[in-house]
file model12.csv (CSV, C-alpha atoms)
chain,number,residue,atom,x,y,z
A,11,MET,CA,-29.4,-22.3,22.2
A,12,SER,CA,-29.4,-18.6,22.3
A,13,GLU,CA,-25.7,-18.6,23.1
A,14,ILE,CA,-25.1,-20.6,19.9
A,15,ALA,CA,-27.2,-18.2,17.9
A,16,LEU,CA,-25.3,-15.3,19.4
A,17,ASN,CA,-21.9,-17.0,18.5
A,18,THR,CA,-23.0,-17.6,15.0
A,19,SER,CA,-24.2,-14.1,14.5
A,20,GLN,CA,-20.9,-12.8,15.9
A,21,LYS,CA,-19.0,-15.0,13.6
A,22,THR,CA,-21.0,-13.8,10.6
A,23,THR,CA,-20.5,-10.2,11.7
A,24,GLY,CA,-16.8,-10.8,11.8
A,25,SER,CA,-16.6,-12.5,8.4
A,26,LEU,CA,-18.9,-9.8,6.9
A,27,ALA,CA,-16.6,-7.1,8.2
A,28,ARG,CA,-13.6,-8.9,6.8
A,29,ALA,CA,-15.4,-9.4,3.4
A,30,GLU,CA,-16.2,-5.6,3.4
A,31,PHE,CA,-12.6,-4.7,4.2
A,32,TRP,CA,-11.2,-6.8,1.4
A,33,SER,CA,-13.8,-5.6,-1.0
A,34,GLY,CA,-12.8,-2.0,-0.2
A,35,VAL,CA,-9.1,-3.0,-0.8
A,36,ARG,CA,-10.0,-4.7,-4.1
A,37,ASP,CA,-12.1,-1.8,-5.5
A,38,THR,CA,-9.2,0.6,-4.6
A,39,ILE,CA,-6.6,-1.4,-6.7
A,40,PRO,CA,-7.1,0.6,-9.9
A,41,LEU,CA,-7.0,3.9,-7.9
A,42,VAL,CA,-3.8,2.9,-6.1
A,43,ILE,CA,-2.2,2.1,-9.5
A,44,GLY,CA,-3.4,5.5,-10.9
A,45,GLY,CA,-2.0,7.1,-7.8
A,46,ILE,CA,1.5,5.7,-8.1
A,47,PRO,CA,2.8,8.1,-10.7
A,48,PHE,CA,1.1,10.9,-8.8
A,49,GLY,CA,2.9,10.0,-5.6
A,50,LEU,CA,6.2,9.4,-7.4
A,51,ILE,CA,6.1,12.8,-9.0
A,52,PHE,CA,5.2,14.5,-5.7
A,53,GLY,CA,8.3,12.9,-4.1
A,54,THR,CA,10.4,13.7,-7.0
A,55,LEU,CA,9.4,17.4,-7.2
A,56,ALA,CA,9.8,18.0,-3.4
A,57,ALA,CA,13.5,18.6,-3.3
A,58,PRO,CA,13.7,21.0,-6.3
A,59,SER,CA,10.7,22.9,-4.7
A,60,GLY,CA,12.8,23.5,-1.6
A,61,LEU,CA,11.0,21.0,0.8
A,62,SER,CA,13.4,18.9,2.9
A,63,PHE,CA,13.4,15.1,2.9
A,64,ALA,CA,11.8,14.8,6.4
A,65,ALA,CA,9.2,17.5,5.7
A,66,THR,CA,8.1,15.8,2.5
A,67,LEU,CA,7.6,12.5,4.3
A,68,ALA,CA,5.8,14.4,7.2
A,69,MET,CA,3.5,16.2,4.7
A,70,SER,CA,2.4,13.0,3.1
A,71,ALA,CA,1.9,11.3,6.5
A,72,PHE,CA,0.0,14.1,8.3
A,73,VAL,CA,-1.7,16.1,5.6
A,74,PHE,CA,-2.5,13.2,3.1
A,75,ALA,CA,-4.1,15.4,0.4
A,76,GLY,CA,-2.6,14.9,-3.1
A,77,SER,CA,-3.6,18.0,-5.0
A,78,ALA,CA,-3.1,20.3,-2.0
A,79,GLN,CA,0.4,18.9,-1.5
A,80,PHE,CA,1.2,19.5,-5.1
A,81,ILE,CA,0.0,23.1,-5.0
A,82,ALA,CA,1.9,23.6,-1.8
A,83,LEU,CA,5.1,22.5,-3.7
A,84,GLY,CA,4.3,25.0,-6.5
A,85,LEU,CA,3.8,27.8,-4.0
A,86,LEU,CA,7.0,26.9,-2.1
A,87,ALA,CA,9.0,26.9,-5.3
A,88,ALA,CA,7.6,30.4,-6.0
A,89,GLY,CA,8.8,31.5,-2.5
A,90,THR,CA,5.3,31.9,-0.9
A,91,ALA,CA,5.1,32.3,2.9
A,92,TRP,CA,3.6,29.4,4.9
A,93,PRO,CA,0.4,31.1,6.1
A,94,ILE,CA,-0.6,31.7,2.5
A,95,ILE,CA,0.1,28.1,1.6
A,96,VAL,CA,-2.1,27.0,4.6
A,97,LEU,CA,-4.9,29.3,3.4
A,98,THR,CA,-4.6,27.9,-0.1
A,99,THR,CA,-4.7,24.4,1.3
A,100,PHE,CA,-8.0,25.3,2.9
A,101,MET,CA,-9.4,26.6,-0.4
A,102,VAL,CA,-8.3,23.5,-2.3
A,103,ASN,CA,-9.6,21.1,0.3
A,104,VAL,CA,-12.9,22.8,1.2
A,105,ARG,CA,-14.5,20.4,-1.3
A,106,HIS,CA,-13.9,17.7,1.3
A,107,ALA,CA,-16.6,19.3,3.5
A,108,LEU,CA,-19.0,18.3,0.8
A,109,TYR,CA,-17.7,14.7,0.8
A,110,SER,CA,-17.9,14.7,4.6
A,111,ALA,CA,-21.5,15.9,4.4
A,112,THR,CA,-22.3,13.1,1.9
A,113,LEU,CA,-20.9,10.3,4.0
A,114,ALA,CA,-22.0,11.8,7.4
A,115,PRO,CA,-25.4,10.1,7.4
A,116,TYR,CA,-23.7,6.7,7.2
A,117,VAL,CA,-20.7,7.5,9.5
A,118,LYS,CA,-22.6,9.3,12.3
A,119,ARG,CA,-23.6,6.1,14.1
A,120,LEU,CA,-20.0,5.0,14.5
A,121,PRO,CA,-18.0,5.8,17.7
A,122,GLN,CA,-15.3,8.5,17.6
A,123,ARG,CA,-12.5,6.0,17.4
A,124,TRP,CA,-13.8,5.2,13.9
A,125,GLN,CA,-15.0,8.6,12.9
A,126,ILE,CA,-11.7,10.4,13.5
A,127,PRO,CA,-9.4,8.1,11.5
A,128,LEU,CA,-12.0,7.7,8.7
A,129,ALA,CA,-12.2,11.5,8.5
A,130,PHE,CA,-8.4,11.9,8.4
A,131,TRP,CA,-8.3,9.4,5.5
A,132,LEU,CA,-11.1,10.9,3.4
A,133,THR,CA,-9.7,11.5,-0.1
A,134,ASP,CA,-11.3,12.1,-3.5
A,135,GLU,CA,-10.7,8.5,-4.5
A,136,THR,CA,-11.9,6.8,-1.3
A,137,PHE,CA,-14.9,9.1,-1.2
A,138,VAL,CA,-16.1,8.2,-4.6
A,139,LEU,CA,-15.8,4.5,-3.9
A,140,VAL,CA,-17.3,4.6,-0.4
A,141,ALA,CA,-20.3,6.9,-1.4
A,142,ASN,CA,-21.1,4.5,-4.3
A,143,HIS,CA,-20.8,1.5,-2.0
A,144,TYR,CA,-23.1,2.9,0.7
A,145,ARG,CA,-25.6,3.9,-2.0
A,146,GLN,CA,-25.6,0.5,-3.7
A,147,SER,CA,-25.8,-1.5,-0.5
A,148,ASP,CA,-28.5,0.8,0.9
A,149,GLY,CA,-26.2,1.9,3.8
A,150,SER,CA,-24.5,-1.4,4.6
A,151,PRO,CA,-24.0,-1.9,8.4
A,152,HIS,CA,-20.4,-2.9,7.8
A,153,GLY,CA,-19.7,-0.3,5.2
A,154,HIS,CA,-17.1,1.4,7.5
A,155,TRP,CA,-14.9,-1.7,7.0
A,156,TYR,CA,-15.1,-1.1,3.3
A,157,TYR,CA,-14.2,2.5,3.9
A,158,PHE,CA,-11.3,1.5,6.1
A,159,GLY,CA,-10.0,-1.0,3.6
A,160,SER,CA,-10.0,1.5,0.8
A,161,ALA,CA,-8.5,4.3,3.0
A,162,ILE,CA,-5.6,2.4,4.5
A,163,PHE,CA,-4.6,1.0,1.1
A,164,MET,CA,-4.6,4.5,-0.4
A,165,TYR,CA,-2.7,5.9,2.6
A,166,LEU,CA,0.1,3.2,2.6
A,167,ASP,CA,0.4,3.6,-1.2
A,168,TRP,CA,0.8,7.4,-0.9
A,169,GLN,CA,3.5,7.0,1.8
A,170,LEU,CA,5.4,4.4,-0.1
A,171,CYS,CA,5.3,6.4,-3.4
A,172,THR,CA,6.3,9.6,-1.7
A,173,PHE,CA,9.4,7.8,-0.3
A,174,LEU,CA,10.2,6.1,-3.7
A,175,GLY,CA,9.7,9.5,-5.5
A,176,LEU,CA,12.1,11.2,-3.1
A,177,THR,CA,14.7,8.4,-3.7
A,178,LEU,CA,14.0,8.4,-7.5
A,179,GLY,CA,14.4,12.2,-7.6
A,180,ARG,CA,18.0,11.8,-6.3
A,181,LEU,CA,18.8,9.1,-8.9
A,182,ILE,CA,17.1,10.3,-12.1
A,183,PRO,CA,17.0,14.0,-13.0
A,184,ASN,CA,14.0,15.3,-14.9
A,185,VAL,CA,11.5,12.5,-14.1
A,186,ALA,CA,8.8,15.1,-14.0
A,187,ALA,CA,9.3,15.9,-17.7
A,188,TRP,CA,7.8,12.4,-18.6
A,189,GLY,CA,4.3,13.8,-18.5
A,190,LEU,CA,3.3,11.7,-15.6
A,191,ASP,CA,1.1,14.6,-14.5
A,192,PHE,CA,-1.4,13.2,-16.9
A,193,ALA,CA,-2.0,10.3,-14.5
A,194,MET,CA,-4.3,12.3,-12.3
A,195,PRO,CA,-6.7,13.6,-14.9
A,196,VAL,CA,-6.9,10.2,-16.7
A,197,THR,CA,-7.7,8.5,-13.4
A,198,PHE,CA,-10.4,11.1,-12.7
A,199,ILE,CA,-11.9,10.6,-16.1
A,200,GLY,CA,-12.4,6.9,-15.4
A,201,MET,CA,-14.1,7.9,-12.2
A,202,VAL,CA,-16.5,10.4,-13.7
A,203,VAL,CA,-17.8,8.5,-16.7
A,204,PRO,CA,-19.7,5.8,-14.7
A,205,TYR,CA,-21.8,8.7,-13.2
A,206,LEU,CA,-23.0,9.9,-16.5
A,207,LYS,CA,-26.1,7.8,-16.8
A,208,ASP,CA,-28.9,10.5,-16.8
A,209,ARG,CA,-29.4,13.9,-18.3
A,210,PRO,CA,-29.0,16.0,-15.1
A,211,MET,CA,-25.6,14.4,-14.5
A,212,LEU,CA,-24.5,15.3,-18.0
A,213,VAL,CA,-25.7,18.9,-17.6
A,214,SER,CA,-23.9,19.1,-14.3
A,215,VAL,CA,-20.5,18.0,-15.7
A,216,ILE,CA,-20.8,20.1,-18.8
A,217,VAL,CA,-21.5,23.2,-16.8
A,218,SER,CA,-18.8,22.4,-14.3
A,219,GLY,CA,-16.2,21.9,-17.1
A,220,LEU,CA,-17.1,25.1,-18.9
A,221,VAL,CA,-17.0,27.2,-15.7
A,222,ALA,CA,-13.7,25.6,-14.7
A,223,LEU,CA,-12.3,26.8,-18.0
A,224,ILE,CA,-13.7,30.3,-17.9
A,225,ALA,CA,-12.8,30.8,-14.2
A,226,PHE,CA,-9.4,29.3,-14.5
A,227,PRO,CA,-7.5,32.6,-14.2
A,228,LEU,CA,-9.0,33.3,-10.8
A,229,PRO,CA,-6.5,33.0,-7.9
A,230,ASN,CA,-6.2,30.3,-5.2
A,231,GLN,CA,-8.3,27.6,-7.0
A,232,LEU,CA,-11.4,29.8,-6.6
A,233,GLY,CA,-12.3,28.7,-10.2
A,234,LEU,CA,-12.4,25.1,-9.0
A,235,MET,CA,-14.9,25.8,-6.3
A,236,LEU,CA,-17.0,28.1,-8.5
A,237,ALA,CA,-17.1,25.4,-11.2
A,238,ALA,CA,-18.1,22.7,-8.8
A,239,LEU,CA,-20.9,24.8,-7.3
A,240,ALA,CA,-22.2,25.8,-10.7
A,241,GLY,CA,-22.2,22.1,-11.8
A,242,ILE,CA,-24.0,21.0,-8.7
A,243,ALA,CA,-26.6,23.8,-9.1
A,244,ALA,CA,-27.1,23.0,-12.9
A,245,GLY,CA,-27.6,19.3,-12.1
A,246,LEU,CA,-30.2,20.1,-9.5
A,247,ILE,CA,-32.1,22.6,-11.7
A,248,ALA,CA,-32.1,20.1,-14.6
A,249,GLU,CA,-33.4,17.3,-12.3
A,250,THR,CA,-36.2,19.5,-11.0
A,251,ARG,CA,-37.2,20.6,-14.6
A,252,LEU,CA,-37.2,17.1,-15.9
A,253,LYS,CA,-39.3,15.9,-13.0
A,254,LYS,CA,-41.9,18.7,-13.6
A,255,LYS,CA,-42.1,17.8,-17.3
A,256,SER,CA,-42.8,14.2,-16.6
A,257,GLU,CA,-45.5,15.0,-14.1
B,2,MET,CA,13.2,20.2,9.3
B,3,VAL,CA,13.3,23.9,9.7
B,4,MET,CA,10.8,25.7,11.9
B,5,ASN,CA,8.8,27.1,9.0
B,6,GLU,CA,8.3,23.6,7.6
B,7,VAL,CA,6.8,22.5,11.0
B,8,TYR,CA,4.4,25.5,10.9
B,9,LEU,CA,3.5,24.7,7.2
B,10,ILE,CA,2.8,21.1,7.8
B,11,SER,CA,1.0,21.5,11.1
B,12,GLY,CA,-1.2,24.2,9.5
B,13,MET,CA,-2.0,22.2,6.4
B,14,ALA,CA,-2.7,19.1,8.5
B,15,LEU,CA,-5.0,21.0,10.8
B,16,VAL,CA,-7.1,22.7,8.1
B,17,THR,CA,-7.4,19.5,6.1
B,18,PHE,CA,-8.5,17.4,9.0
B,19,THR,CA,-10.9,20.0,10.3
B,20,ILE,CA,-12.6,20.2,6.9
B,21,ARG,CA,-12.8,16.4,6.6
B,22,TYR,CA,-14.1,15.9,10.1
B,23,SER,CA,-16.5,18.9,10.2
B,24,MET,CA,-19.6,17.2,8.9
B,25,TYR,CA,-19.1,14.0,10.8
B,26,ALA,CA,-18.9,16.0,14.0
B,27,LEU,CA,-22.0,18.0,13.1
B,28,ALA,CA,-24.1,15.1,11.8
B,29,GLY,CA,-27.0,14.2,14.0
B,30,ARG,CA,-27.1,17.7,15.3
B,31,VAL,CA,-27.7,19.3,11.9
B,32,GLU,CA,-30.5,18.1,9.7
B,33,PHE,CA,-29.8,18.5,6.0
B,34,PRO,CA,-32.7,19.8,3.9
B,35,SER,CA,-33.8,17.4,1.1
B,36,TRP,CA,-32.4,19.6,-1.7
B,37,LEU,CA,-29.0,19.4,-0.1
B,38,ASP,CA,-29.2,15.6,0.0
B,39,ARG,CA,-30.0,15.6,-3.7
B,40,ALA,CA,-27.3,18.2,-4.4
B,41,LEU,CA,-24.6,16.0,-2.8
B,42,ARG,CA,-25.1,13.4,-5.5
B,43,TYR,CA,-23.6,15.8,-8.0
B,44,VAL,CA,-20.5,16.6,-5.9
B,45,PRO,CA,-18.1,14.0,-7.0
B,46,PRO,CA,-18.6,14.3,-10.8
B,47,ALA,CA,-18.8,18.1,-10.7
B,48,VAL,CA,-15.6,18.5,-8.6
B,49,LEU,CA,-13.7,15.9,-10.6
B,50,THR,CA,-14.7,17.5,-13.9
B,51,ALA,CA,-13.6,20.9,-12.6
B,52,LEU,CA,-10.2,19.3,-11.9
B,53,ILE,CA,-10.0,17.4,-15.2
B,54,VAL,CA,-11.0,20.0,-17.8
B,55,PRO,CA,-8.3,22.7,-17.0
B,56,ALA,CA,-5.7,20.0,-16.5
B,57,VAL,CA,-6.4,18.7,-20.0
B,58,LEU,CA,-7.1,21.9,-21.9
B,59,ILE,CA,-4.7,24.2,-20.2
B,60,PRO,CA,-1.8,21.8,-19.5
B,61,THR,CA,0.8,24.4,-19.2
B,62,GLY,CA,-1.4,26.5,-16.9
B,63,GLU,CA,-1.2,29.5,-19.3
B,64,THR,CA,-3.2,29.2,-22.5
B,65,MET,CA,-6.0,27.0,-23.7
B,66,GLN,CA,-4.8,24.4,-26.2
B,67,PHE,CA,-7.8,23.1,-28.1
B,68,SER,CA,-5.7,21.4,-30.8
B,69,TYR,CA,-4.5,18.0,-32.0
B,70,THR,CA,-1.0,18.8,-30.9
B,71,ASN,CA,-2.2,18.7,-27.3
B,72,SER,CA,-1.4,15.2,-26.1
B,73,TYR,CA,-3.3,15.7,-22.9
B,74,LEU,CA,-6.5,16.3,-24.9
B,75,ILE,CA,-5.8,13.2,-27.1
B,76,GLY,CA,-5.2,11.1,-24.1
B,77,ALA,CA,-8.3,12.4,-22.4
B,78,VAL,CA,-10.5,11.7,-25.4
B,79,VAL,CA,-9.1,8.1,-25.6
B,80,ALA,CA,-9.7,7.6,-21.9
B,81,LEU,CA,-13.3,9.0,-22.2
B,82,LEU,CA,-14.1,6.5,-25.0
B,83,VAL,CA,-12.4,3.5,-23.2
B,84,SER,CA,-14.2,4.3,-20.0
B,85,TRP,CA,-17.6,4.7,-21.7
B,86,ARG,CA,-17.3,1.5,-23.7
B,87,SER,CA,-15.6,-0.7,-21.0
B,88,ASN,CA,-16.5,0.8,-17.7
B,89,ASN,CA,-13.1,-0.5,-16.5
B,90,LEU,CA,-11.1,2.0,-14.5
B,91,LEU,CA,-7.7,0.2,-14.8
B,92,LEU,CA,-8.1,-0.2,-18.6
B,93,THR,CA,-9.0,3.4,-18.9
B,94,ILE,CA,-5.9,4.6,-17.1
B,95,VAL,CA,-3.6,2.2,-19.0
B,96,LEU,CA,-4.9,3.0,-22.5
B,97,GLY,CA,-5.3,6.7,-21.7
B,98,MET,CA,-1.6,6.9,-20.5
B,99,LEU,CA,-0.4,4.9,-23.6
B,100,ALA,CA,-2.3,7.2,-26.0
B,101,PHE,CA,-0.9,10.2,-24.3
B,102,TRP,CA,2.7,9.0,-24.5
B,103,ALA,CA,2.3,7.7,-28.0
B,104,TRP,CA,0.9,11.0,-29.2
B,105,GLN,CA,3.6,13.0,-27.4
B,106,TRP,CA,6.3,10.8,-29.0
B,107,LEU,CA,4.6,11.2,-32.5
B,108,ILE,CA,4.5,15.0,-32.2
B,109,ILE,CA,8.1,15.2,-31.1
B,110,SER,CA,9.4,12.9,-33.9
B,111,LEU,CA,7.3,14.4,-36.7

call {"tool": "encode", "arguments": {"input": "model12.csv", "output": "structure tokens"}}
result
Amino acid sequence: MSEIALNTSQKTTGSLARAEFWSGVRDTIPLVIGGIPFGLIFGTLAAPSGLSFAATLAMSAFVFAGSAQFIALGLLAAGTAWPIIVLTTFMVNVRHALYSATLAPYVKRLPQRWQIPLAFWLTDETFVLVANHYRQSDGSPHGHWYYFGSAIFMYLDWQLCTFLGLTLGRLIPNVAAWGLDFAMPVTFIGMVVPYLKDRPMLVSVIVSGLVALIAFPLPNQLGLMLAALAGIAAGLIAETRLKKKSE
Amino acid sequence: MVMNEVYLISGMALVTFTIRYSMYALAGRVEFPSWLDRALRYVPPAVLTALIVPAVLIPTGETMQFSYTNSYLIGAVVALLVSWRSNNLLLTIVLGMLAFWAWQWLIISL
């Protein structure tokens, strides 16, 4: 009797995990599509920036960070030394520490063999989806399968598009002039709007956007970090004020 | 692959992974205060907005272009409206890109 019960619960666990995995894949489809031009452009721009074929593939495989990879290309093209590019990568990606902190409460119960690959695959896109998923499901016990589904799909897409972009870059000159660089901001817009449901959130993005504009001339993406921090602080302050008023 | 590329990619991979893994490794040992928990809710929209706004308003990376001749701005406004009305990410991307291309084509041909 108890054995049957155990079997059933194992089966349900397996099918729940599978359902979570596929739901992660499904929710990632639009982001994968939005990422295609981004990956294509990266691959296309690599050779003119002076990065070899093998190094371009290796960068996508081992670094797996879209905006940092783009900035690295820009710096390479300008003849920047590698330690400076590594330092810039740190500045650009330090926002991921905030993502890591947000997901840590859900991920901390998992064994290392889960935590390490999931950390490696943590991107802007997967973070937004996974954070939402955990919040909506109140910390689903199989949420890491959702995370895995989203992450592996993003990863494979990025590898494939890098490769296609490299190939395309050899066939068609000037693909970059098609304005495909708009693909990233337009994707991000579609990701931000669903957040804008209360006043503190609106205050947060308005402040973030304004500071990003004003601080744009600062070197090494410092403006980006300042803007994000100002936006977060503004949201918190607005939230506290509204709460006080309603009390 | 030349040696410098090996250093570059190893360095970038190492810093990126360390950042992403940092808080997973520390979780359980470090308690976050409640204000930090609340602050984290604002991280994705604030960071994404800080990436979007300069990309749209300073597309060349030099001067701000707050004008109807800026196709990035037009595409972004269309995307904003579509996303707000439909809440559909794919539709937002497709219509935003189409508006961007159409506007660019209009400006070039006029």

call {"tool": "closest_residue", "arguments": {"input": "model12.csv", "among": "A:Val217, A:Leu170, A:Ala129, A:Leu252", "to": "chain B", "atoms": "all atoms listed in the file"}}
result
A:Ala129

call {"tool": "closest_residue", "arguments": {"input": "model12.csv", "among": "A:Glu135, A:Ala222, A:Gln125, A:Gly200", "to": "A:Ala75", "atoms": "only C-alpha atoms"}}
result
A:Glu135

call {"tool": "closest_residue", "arguments": {"input": "model12.csv", "among": "B:Ser110, B:Ser72, B:Thr50, B:Thr19", "to": "chain A", "atoms": "only C-alpha atoms"}}
result
B:Thr50

call {"tool": "closest_residue", "arguments": {"input": "model12.csv", "among": "A:Leu120, A:Gly76, A:His152, A:Ile247", "to": "A:Leu132", "atoms": "all atoms listed in the file"}}
result
A:Gly76

call {"tool": "residues_near_point", "arguments": {"input": "model12.csv", "point": "(-2.2, 14.0, -20.7)", "cutoff": "10 Å", "atoms": "only C-alpha atoms", "output": "list in words"}}
result
Gly189, Leu190, Asp191, Phe192, Ala193, Met194, Pro195 and Val196 of chain A; Ala56, Val57, Leu58, Pro60, Asn71, Ser72, Tyr73, Leu74, Ile75, Gly76, Ala77, Val78, Ala80, Gly97, Met98, Leu99, Ala100, Phe101, Trp102, Trp104 and Gln105 of chain B

call {"tool": "write_last_selection", "arguments": {"input": "model12.csv", "atoms": "C-alpha atoms", "output": "mmCIF file, in the frame of the given file"}}
result
data_model
loop_
_atom_site.group_PDB
_atom_site.id
_atom_site.type_symbol
_atom_site.label_atom_id
_atom_site.label_comp_id
_atom_site.auth_asym_id
_atom_site.auth_seq_id
_atom_site.Cartn_x
_atom_site.Cartn_y
_atom_site.Cartn_z
ATOM 1 C CA GLY A 189 4.300 13.800 -18.500
ATOM 2 C CA LEU A 190 3.300 11.700 -15.600
ATOM 3 C CA ASP A 191 1.100 14.600 -14.500
ATOM 4 C CA PHE A 192 -1.400 13.200 -16.900
ATOM 5 C CA ALA A 193 -2.000 10.300 -14.500
ATOM 6 C CA MET A 194 -4.300 12.300 -12.300
ATOM 7 C CA PRO A 195 -6.700 13.600 -14.900
ATOM 8 C CA VAL A 196 -6.900 10.200 -16.700
ATOM 9 C CA ALA B 56 -5.700 20.000 -16.500
ATOM 10 C CA VAL B 57 -6.400 18.700 -20.000
ATOM 11 C CA LEU B 58 -7.100 21.900 -21.900
ATOM 12 C CA PRO B 60 -1.800 21.800 -19.500
ATOM 13 C CA ASN B 71 -2.200 18.700 -27.300
ATOM 14 C CA SER B 72 -1.400 15.200 -26.100
ATOM 15 C CA TYR B 73 -3.300 15.700 -22.900
ATOM 16 C CA LEU B 74 -6.500 16.300 -24.900
ATOM 17 C CA ILE B 75 -5.800 13.200 -27.100
ATOM 18 C CA GLY B 76 -5.200 11.100 -24.100
ATOM 19 C CA ALA B 77 -8.300 12.400 -22.400
ATOM 20 C CA VAL B 78 -10.500 11.700 -25.400
ATOM 21 C CA ALA B 80 -9.700 7.600 -21.900
ATOM 22 C CA GLY B 97 -5.300 6.700 -21.700
ATOM 23 C CA MET B 98 -1.600 6.900 -20.500
ATOM 24 C CA LEU B 99 -0.400 4.900 -23.600
ATOM 25 C CA ALA B 100 -2.300 7.200 -26.000
ATOM 26 C CA PHE B 101 -0.900 10.200 -24.300
ATOM 27 C CA TRP B 102 2.700 9.000 -24.500
ATOM 28 C CA TRP B 104 0.900 11.000 -29.200
ATOM 29 C CA GLN B 105 3.600 13.000 -27.400
#
